[in-house]
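Below is target-v8.pdb, which holds PDB, N, CA and C atoms, pLDDT in the B column.
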```
ATOM      1  N   MET Z  26      -4.637  19.866 -12.191  1.00 64.00           N
ATOM      2  CA  MET Z  26      -5.699  19.141 -11.520  1.00 64.00           C
ATOM      3  C   MET Z  26      -5.745  19.636 -10.075  1.00 64.00           C
ATOM      4  N   SER Z  27      -6.921  19.946  -9.606  1.00 82.00           N
ATOM      5  CA  SER Z  27      -7.026  20.448  -8.246  1.00 82.00           C
ATOM      6  C   SER Z  27      -6.804  19.317  -7.244  1.00 82.00           C
ATOM      7  N   LYS Z  28      -6.483  19.718  -6.046  1.00 84.00           N
ATOM      8  CA  LYS Z  28      -6.176  18.747  -5.003  1.00 84.00           C
ATOM      9  C   LYS Z  28      -7.384  17.889  -4.660  1.00 84.00           C
ATOM     10  N   ASN Z  29      -8.573  18.481  -4.672  1.00 86.00           N
ATOM     11  CA  ASN Z  29      -9.786  17.719  -4.352  1.00 86.00           C
ATOM     12  C   ASN Z  29     -10.077  16.664  -5.411  1.00 86.00           C
ATOM     13  N   ILE Z  30      -9.910  17.021  -6.671  1.00 90.00           N
ATOM     14  CA  ILE Z  30     -10.148  16.069  -7.750  1.00 90.00           C
ATOM     15  C   ILE Z  30      -9.111  14.955  -7.695  1.00 90.00           C
ATOM     16  N   LEU Z  31      -7.864  15.316  -7.427  1.00 90.00           N
ATOM     17  CA  LEU Z  31      -6.805  14.319  -7.326  1.00 90.00           C
ATOM     18  C   LEU Z  31      -7.080  13.343  -6.183  1.00 90.00           C
ATOM     19  N   GLU Z  32      -7.501  13.871  -5.046  1.00 90.00           N
ATOM     20  CA  GLU Z  32      -7.820  13.011  -3.907  1.00 90.00           C
ATOM     21  C   GLU Z  32      -8.988  12.085  -4.237  1.00 90.00           C
ATOM     22  N   LYS Z  33      -9.985  12.609  -4.895  1.00 93.00           N
ATOM     23  CA  LYS Z  33     -11.145  11.803  -5.285  1.00 93.00           C
ATOM     24  C   LYS Z  33     -10.733  10.681  -6.236  1.00 93.00           C
ATOM     25  N   ASN Z  34      -9.872  10.998  -7.211  1.00 94.00           N
ATOM     26  CA  ASN Z  34      -9.404   9.992  -8.158  1.00 94.00           C
ATOM     27  C   ASN Z  34      -8.563   8.920  -7.479  1.00 94.00           C
ATOM     28  N   ILE Z  35      -7.704   9.317  -6.569  1.00 93.00           N
ATOM     29  CA  ILE Z  35      -6.867   8.348  -5.853  1.00 93.00           C
ATOM     30  C   ILE Z  35      -7.736   7.419  -5.019  1.00 93.00           C
ATOM     31  N   LYS Z  36      -8.725   7.975  -4.328  1.00 94.00           N
ATOM     32  CA  LYS Z  36      -9.610   7.140  -3.512  1.00 94.00           C
ATOM     33  C   LYS Z  36     -10.419   6.176  -4.372  1.00 94.00           C
ATOM     34  N   ALA Z  37     -10.858   6.632  -5.548  1.00 95.00           N
ATOM     35  CA  ALA Z  37     -11.614   5.749  -6.446  1.00 95.00           C
ATOM     36  C   ALA Z  37     -10.725   4.614  -6.949  1.00 95.00           C
ATOM     37  N   GLU Z  38      -9.491   4.926  -7.296  1.00 95.00           N
ATOM     38  CA  GLU Z  38      -8.586   3.882  -7.762  1.00 95.00           C
ATOM     39  C   GLU Z  38      -8.224   2.922  -6.633  1.00 95.00           C
ATOM     40  N   LEU Z  39      -8.075   3.447  -5.420  1.00 95.00           N
ATOM     41  CA  LEU Z  39      -7.829   2.572  -4.265  1.00 95.00           C
ATOM     42  C   LEU Z  39      -8.975   1.590  -4.071  1.00 95.00           C
ATOM     43  N   LYS Z  40     -10.190   2.063  -4.239  1.00 96.00           N
ATOM     44  CA  LYS Z  40     -11.344   1.179  -4.098  1.00 96.00           C
ATOM     45  C   LYS Z  40     -11.312   0.081  -5.153  1.00 96.00           C
ATOM     46  N   GLN Z  41     -10.975   0.434  -6.383  1.00 97.00           N
ATOM     47  CA  GLN Z  41     -10.888  -0.560  -7.451  1.00 97.00           C
ATOM     48  C   GLN Z  41      -9.803  -1.593  -7.164  1.00 97.00           C
ATOM     49  N   VAL Z  42      -8.648  -1.117  -6.722  1.00 96.00           N
ATOM     50  CA  VAL Z  42      -7.546  -2.033  -6.417  1.00 96.00           C
ATOM     51  C   VAL Z  42      -7.928  -2.940  -5.257  1.00 96.00           C
ATOM     52  N   ASN Z  43      -8.600  -2.401  -4.246  1.00 96.00           N
ATOM     53  CA  ASN Z  43      -9.048  -3.217  -3.124  1.00 96.00           C
ATOM     54  C   ASN Z  43     -10.008  -4.315  -3.577  1.00 96.00           C
ATOM     55  N   ASP Z  44     -10.907  -3.973  -4.490  1.00 97.00           N
ATOM     56  CA  ASP Z  44     -11.851  -4.968  -5.001  1.00 97.00           C
ATOM     57  C   ASP Z  44     -11.121  -6.085  -5.747  1.00 97.00           C
ATOM     58  N   VAL Z  45     -10.130  -5.721  -6.563  1.00 96.00           N
ATOM     59  CA  VAL Z  45      -9.363  -6.719  -7.302  1.00 96.00           C
ATOM     60  C   VAL Z  45      -8.589  -7.618  -6.323  1.00 96.00           C
ATOM     61  N   ILE Z  46      -7.982  -7.008  -5.307  1.00 96.00           N
ATOM     62  CA  ILE Z  46      -7.240  -7.779  -4.308  1.00 96.00           C
ATOM     63  C   ILE Z  46      -8.171  -8.744  -3.581  1.00 96.00           C
ATOM     64  N   ASP Z  47      -9.354  -8.285  -3.203  1.00 96.00           N
ATOM     65  CA  ASP Z  47     -10.312  -9.146  -2.520  1.00 96.00           C
ATOM     66  C   ASP Z  47     -10.686 -10.359  -3.364  1.00 96.00           C
ATOM     67  N   VAL Z  48     -10.931 -10.132  -4.650  1.00 96.00           N
ATOM     68  CA  VAL Z  48     -11.294 -11.242  -5.540  1.00 96.00           C
ATOM     69  C   VAL Z  48     -10.131 -12.219  -5.671  1.00 96.00           C
ATOM     70  N   LYS Z  49      -8.930 -11.696  -5.791  1.00 96.00           N
ATOM     71  CA  LYS Z  49      -7.771 -12.577  -5.932  1.00 96.00           C
ATOM     72  C   LYS Z  49      -7.516 -13.377  -4.659  1.00 96.00           C
ATOM     73  N   ILE Z  50      -7.752 -12.772  -3.506  1.00 96.00           N
ATOM     74  CA  ILE Z  50      -7.588 -13.500  -2.248  1.00 96.00           C
ATOM     75  C   ILE Z  50      -8.602 -14.629  -2.172  1.00 96.00           C
ATOM     76  N   ILE Z  51      -9.831 -14.349  -2.532  1.00 96.00           N
ATOM     77  CA  ILE Z  51     -10.888 -15.366  -2.491  1.00 96.00           C
ATOM     78  C   ILE Z  51     -10.552 -16.523  -3.439  1.00 96.00           C
ATOM     79  N   ARG Z  52     -10.012 -16.208  -4.610  1.00 97.00           N
ATOM     80  CA  ARG Z  52      -9.676 -17.252  -5.583  1.00 97.00           C
ATOM     81  C   ARG Z  52      -8.341 -17.916  -5.314  1.00 97.00           C
ATOM     82  N   GLY Z  53      -7.569 -17.379  -4.378  1.00 96.00           N
ATOM     83  CA  GLY Z  53      -6.277 -17.968  -4.051  1.00 96.00           C
ATOM     84  C   GLY Z  53      -5.180 -17.614  -5.043  1.00 96.00           C
ATOM     85  N   LEU Z  54      -5.321 -16.497  -5.717  1.00 96.00           N
ATOM     86  CA  LEU Z  54      -4.340 -16.061  -6.712  1.00 96.00           C
ATOM     87  C   LEU Z  54      -3.367 -15.057  -6.090  1.00 96.00           C
ATOM     88  N   PRO Z  55      -2.162 -14.957  -6.650  1.00 96.00           N
ATOM     89  CA  PRO Z  55      -1.213 -13.959  -6.143  1.00 96.00           C
ATOM     90  C   PRO Z  55      -1.677 -12.547  -6.503  1.00 96.00           C
ATOM     91  N   TYR Z  56      -1.396 -11.607  -5.627  1.00 95.00           N
ATOM     92  CA  TYR Z  56      -1.851 -10.220  -5.836  1.00 95.00           C
ATOM     93  C   TYR Z  56      -0.743  -9.228  -5.534  1.00 95.00           C
ATOM     94  N   ARG Z  57       0.493  -9.627  -5.796  1.00 95.00           N
ATOM     95  CA  ARG Z  57       1.646  -8.780  -5.488  1.00 95.00           C
ATOM     96  C   ARG Z  57       1.605  -7.444  -6.245  1.00 95.00           C
ATOM     97  N   ARG Z  58       1.317  -7.492  -7.529  1.00 95.00           N
ATOM     98  CA  ARG Z  58       1.301  -6.269  -8.339  1.00 95.00           C
ATOM     99  C   ARG Z  58       0.253  -5.282  -7.815  1.00 95.00           C
ATOM    100  N   GLU Z  59      -0.912  -5.802  -7.467  1.00 95.00           N
ATOM    101  CA  GLU Z  59      -1.970  -4.943  -6.940  1.00 95.00           C
ATOM    102  C   GLU Z  59      -1.590  -4.379  -5.569  1.00 95.00           C
ATOM    103  N   ALA Z  60      -0.890  -5.189  -4.774  1.00 95.00           N
ATOM    104  CA  ALA Z  60      -0.459  -4.714  -3.456  1.00 95.00           C
ATOM    105  C   ALA Z  60       0.543  -3.565  -3.585  1.00 95.00           C
ATOM    106  N   LEU Z  61       1.427  -3.669  -4.566  1.00 94.00           N
ATOM    107  CA  LEU Z  61       2.382  -2.578  -4.796  1.00 94.00           C
ATOM    108  C   LEU Z  61       1.667  -1.306  -5.250  1.00 94.00           C
ATOM    109  N   ARG Z  62       0.690  -1.469  -6.125  1.00 94.00           N
ATOM    110  CA  ARG Z  62      -0.096  -0.313  -6.581  1.00 94.00           C
ATOM    111  C   ARG Z  62      -0.855   0.311  -5.411  1.00 94.00           C
ATOM    112  N   HIS Z  63      -1.421  -0.532  -4.555  1.00 95.00           N
ATOM    113  CA  HIS Z  63      -2.160  -0.069  -3.375  1.00 95.00           C
ATOM    114  C   HIS Z  63      -1.243   0.738  -2.459  1.00 95.00           C
ATOM    115  N   ARG Z  64      -0.047   0.217  -2.235  1.00 94.00           N
ATOM    116  CA  ARG Z  64       0.911   0.918  -1.368  1.00 94.00           C
ATOM    117  C   ARG Z  64       1.298   2.264  -1.965  1.00 94.00           C
ATOM    118  N   PHE Z  65       1.510   2.301  -3.283  1.00 93.00           N
ATOM    119  CA  PHE Z  65       1.861   3.554  -3.950  1.00 93.00           C
ATOM    120  C   PHE Z  65       0.738   4.581  -3.828  1.00 93.00           C
ATOM    121  N   LEU Z  66      -0.500   4.136  -4.035  1.00 93.00           N
ATOM    122  CA  LEU Z  66      -1.638   5.054  -3.941  1.00 93.00           C
ATOM    123  C   LEU Z  66      -1.808   5.577  -2.522  1.00 93.00           C
ATOM    124  N   LEU Z  67      -1.603   4.716  -1.529  1.00 92.00           N
ATOM    125  CA  LEU Z  67      -1.687   5.177  -0.139  1.00 92.00           C
ATOM    126  C   LEU Z  67      -0.608   6.207   0.160  1.00 92.00           C
ATOM    127  N   TYR Z  68       0.589   5.980  -0.385  1.00 92.00           N
ATOM    128  CA  TYR Z  68       1.667   6.942  -0.191  1.00 92.00           C
ATOM    129  C   TYR Z  68       1.304   8.290  -0.811  1.00 92.00           C
ATOM    130  N   ARG Z  69       0.771   8.255  -2.045  1.00 91.00           N
ATOM    131  CA  ARG Z  69       0.386   9.502  -2.715  1.00 91.00           C
ATOM    132  C   ARG Z  69      -0.712  10.235  -1.955  1.00 91.00           C
ATOM    133  N   LEU Z  70      -1.665   9.482  -1.417  1.00 90.00           N
ATOM    134  CA  LEU Z  70      -2.745  10.088  -0.643  1.00 90.00           C
ATOM    135  C   LEU Z  70      -2.188  10.719   0.642  1.00 90.00           C
ATOM    136  N   GLY Z  71      -1.301  10.015   1.308  1.00 89.00           N
ATOM    137  CA  GLY Z  71      -0.668  10.566   2.506  1.00 89.00           C
ATOM    138  C   GLY Z  71       0.170  11.783   2.199  1.00 89.00           C
ATOM    139  N   ASP Z  72       0.875  11.740   1.074  1.00 86.00           N
ATOM    140  CA  ASP Z  72       1.688  12.880   0.654  1.00 86.00           C
ATOM    141  C   ASP Z  72       0.815  14.092   0.369  1.00 86.00           C
ATOM    142  N   LEU Z  73      -0.331  13.845  -0.226  1.00 82.00           N
ATOM    143  CA  LEU Z  73      -1.285  14.915  -0.519  1.00 82.00           C
ATOM    144  C   LEU Z  73      -1.786  15.570   0.765  1.00 82.00           C
ATOM    145  N   HIS Z  74      -2.095  14.761   1.764  1.00 78.00           N
ATOM    146  CA  HIS Z  74      -2.570  15.296   3.038  1.00 78.00           C
ATOM    147  C   HIS Z  74      -1.449  15.974   3.817  1.00 78.00           C
ATOM    148  N   ARG Z  75      -0.250  15.436   3.707  1.00 76.00           N
ATOM    149  CA  ARG Z  75       0.889  16.036   4.403  1.00 76.00           C
ATOM    150  C   ARG Z  75       1.145  17.436   3.863  1.00 76.00           C
ATOM    151  N   MET Z  76       1.044  17.605   2.546  1.00 64.00           N
ATOM    152  CA  MET Z  76       1.247  18.921   1.948  1.00 64.00           C
ATOM    153  C   MET Z  76       0.146  19.893   2.358  1.00 64.00           C
ATOM    154  N   SER Z  77      -1.083  19.425   2.455  1.00 58.00           N
ATOM    155  CA  SER Z  77      -2.173  20.327   2.815  1.00 58.00           C
ATOM    156  C   SER Z  77      -2.028  20.784   4.270  1.00 58.00           C
ATOM    157  N   ARG Z  78      -1.555  19.895   5.132  1.00 59.00           N
ATOM    158  CA  ARG Z  78      -1.341  20.303   6.527  1.00 59.00           C
ATOM    159  C   ARG Z  78      -0.232  21.332   6.617  1.00 59.00           C
ATOM    160  N   PHE Z  79       0.803  21.189   5.803  1.00 57.00           N
ATOM    161  CA  PHE Z  79       1.904  22.136   5.812  1.00 57.00           C
ATOM    162  C   PHE Z  79       1.431  23.508   5.350  1.00 57.00           C
ATOM    163  N   HIS Z  80       0.629  23.541   4.309  1.00 59.00           N
ATOM    164  CA  HIS Z  80       0.174  24.817   3.771  1.00 59.00           C
ATOM    165  C   HIS Z  80      -0.885  25.475   4.645  1.00 59.00           C
ATOM    166  N   SER Z  81      -1.606  24.698   5.413  1.00 58.00           N
ATOM    167  CA  SER Z  81      -2.670  25.282   6.220  1.00 58.00           C
ATOM    168  C   SER Z  81      -2.163  25.754   7.587  1.00 58.00           C
ATOM    169  N   ASN Z  82      -0.911  25.535   7.876  1.00 64.00           N
ATOM    170  CA  ASN Z  82      -0.362  25.908   9.165  1.00 64.00           C
ATOM    171  C   ASN Z  82       0.038  27.382   9.138  1.00 64.00           C
ATOM    172  N   TRP Z  83      -0.889  28.258   9.442  1.00 65.00           N
ATOM    173  CA  TRP Z  83      -0.642  29.698   9.358  1.00 65.00           C
ATOM    174  C   TRP Z  83       0.344  30.164  10.421  1.00 65.00           C
ATOM    175  N   LEU Z  84       0.381  29.489  11.562  1.00 67.00           N
ATOM    176  CA  LEU Z  84       1.309  29.889  12.622  1.00 67.00           C
ATOM    177  C   LEU Z  84       2.754  29.693  12.168  1.00 67.00           C
ATOM    178  N   GLN Z  85       3.030  28.563  11.555  1.00 68.00           N
ATOM    179  CA  GLN Z  85       4.378  28.295  11.080  1.00 68.00           C
ATOM    180  C   GLN Z  85       4.792  29.310  10.021  1.00 68.00           C
ATOM    181  N   ARG Z  86       3.874  29.653   9.131  1.00 67.00           N
ATOM    182  CA  ARG Z  86       4.201  30.630   8.094  1.00 67.00           C
ATOM    183  C   ARG Z  86       4.475  32.005   8.706  1.00 67.00           C
ATOM    184  N   SER Z  87       3.677  32.379   9.702  1.00 70.00           N
ATOM    185  CA  SER Z  87       3.884  33.689  10.309  1.00 70.00           C
ATOM    186  C   SER Z  87       5.204  33.728  11.083  1.00 70.00           C
ATOM    187  N   VAL Z  88       5.571  32.654  11.724  1.00 69.00           N
ATOM    188  CA  VAL Z  88       6.855  32.586  12.432  1.00 69.00           C
ATOM    189  C   VAL Z  88       7.996  32.689  11.427  1.00 69.00           C
ATOM    190  N   ASN Z  89       7.856  32.074  10.281  1.00 69.00           N
ATOM    191  CA  ASN Z  89       8.890  32.167   9.256  1.00 69.00           C
ATOM    192  C   ASN Z  89       9.060  33.595   8.769  1.00 69.00           C
ATOM    193  N   VAL Z  90       7.960  34.320   8.631  1.00 70.00           N
ATOM    194  CA  VAL Z  90       8.052  35.717   8.198  1.00 70.00           C
ATOM    195  C   VAL Z  90       8.750  36.558   9.256  1.00 70.00           C
ATOM    196  N   VAL Z  91       8.420  36.356  10.503  1.00 70.00           N
ATOM    197  CA  VAL Z  91       9.054  37.101  11.593  1.00 70.00           C
ATOM    198  C   VAL Z  91      10.526  36.761  11.662  1.00 70.00           C
ATOM    199  N   ALA Z  92      10.871  35.479  11.496  1.00 69.00           N
ATOM    200  CA  ALA Z  92      12.272  35.072  11.548  1.00 69.00           C
ATOM    201  C   ALA Z  92      13.077  35.704  10.408  1.00 69.00           C
ATOM    202  N   THR Z  93      12.441  35.892   9.289  1.00 71.00           N
ATOM    203  CA  THR Z  93      13.103  36.519   8.155  1.00 71.00           C
ATOM    204  C   THR Z  93      13.499  37.954   8.484  1.00 71.00           C
ATOM    205  N   PHE Z  94      12.638  38.680   9.160  1.00 71.00           N
ATOM    206  CA  PHE Z  94      12.937  40.057   9.510  1.00 71.00           C
ATOM    207  C   PHE Z  94      13.943  40.165  10.652  1.00 71.00           C
ATOM    208  N   LEU Z  95      14.033  39.157  11.502  1.00 66.00           N
ATOM    209  CA  LEU Z  95      14.963  39.196  12.615  1.00 66.00           C
ATOM    210  C   LEU Z  95      16.385  38.861  12.195  1.00 66.00           C
ATOM    211  N   LEU Z  96      16.517  38.133  11.116  1.00 56.00           N
ATOM    212  CA  LEU Z  96      17.861  37.750  10.661  1.00 56.00           C
ATOM    213  C   LEU Z  96      18.418  38.812   9.835  1.00 56.00           C
TER     214      LEU Z  96
END
```

Can you dump the structure from the file as structure tokens?
Amino acid sequence: MSKNILEKNIKAELKQVNDVIDVKIIRGLPYRREALRHRFLLYRLGDLHRMSRFHSNWLQRSVNVVATFLL
């Protein structure tokens, strides 16, 4: 699965979980399970962005290549 599709799916599921949480808050029901799912999805989304920033950092990669030749 490509990173863009994965990000799109995570955001769509986050929206669904947010809607369920909103309804449960309005009705006064507990929403612990949904909150845990929400936290997990946010972590996965952040992890996805953290990896993309690491891979897009061309300066760091070039420094690593130079360091390899110097050692």

Review point. What does the distance from atom CA of Z:Val90 to atom N of Z:Arg75 come to in Å, to one decimal?
Key: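 So the answer is 22.4 Å.
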
Exercise for review: Give me, please, the distance in Å between atom N of Z:Gln41 and atom N of Z:Pro55, quoted to one decimal.
Suggested key: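 If I compute the distance from atom N of Z:Gln41 to atom N of Z:Pro55, I get 17.7 Å.
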
Practice item. Specify as a list in words each residue included when the PyMOL selection byres ((chain Z and resi 62-72) around 7) is applied to this file. Key: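 Answer for the PyMOL selection byres ((chain Z and resi 62-72) around 7): Glu32, Ile35, Leu39, Val42, Asn43, Arg57, Arg58, Glu59, Ala60, Leu61, Leu73, His74, Arg75, Met76 and Ser77 of chain Z.
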
Practice item. Could you jot down the atom C of Z:Ser87 to atom C of Z:Ser27 separation for me, Å, one decimal place? Key: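 Taking atom C of Z:Ser87 as the start and atom C of Z:Ser27 as the end point, the length is 26.2 Å.
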
Z:Tyr56 environment, 8 Å, all atoms listed in the file, sequence neighbours closer than 6 positions dropped, as a compact mmCIF listing (two decimals) with N, CA and C atoms, keeping the file's coordinate frame:
```txt
# COMPACT_ATOMS: atom_id res chain seq x y z
N VAL Z 45 -10.13 -5.72 -6.56
CA VAL Z 45 -9.36 -6.72 -7.30
C VAL Z 45 -8.59 -7.62 -6.32
N ILE Z 46 -7.98 -7.01 -5.31
CA ILE Z 46 -7.24 -7.78 -4.31
C ILE Z 46 -8.17 -8.74 -3.58
N LYS Z 49 -8.93 -11.70 -5.79
CA LYS Z 49 -7.77 -12.58 -5.93
C LYS Z 49 -7.52 -13.38 -4.66
N ILE Z 50 -7.75 -12.77 -3.51
CA ILE Z 50 -7.59 -13.50 -2.25
C ILE Z 50 -8.60 -14.63 -2.17
N ARG Z 62 0.69 -1.47 -6.12
CA ARG Z 62 -0.10 -0.31 -6.58
C ARG Z 62 -0.86 0.31 -5.41
```
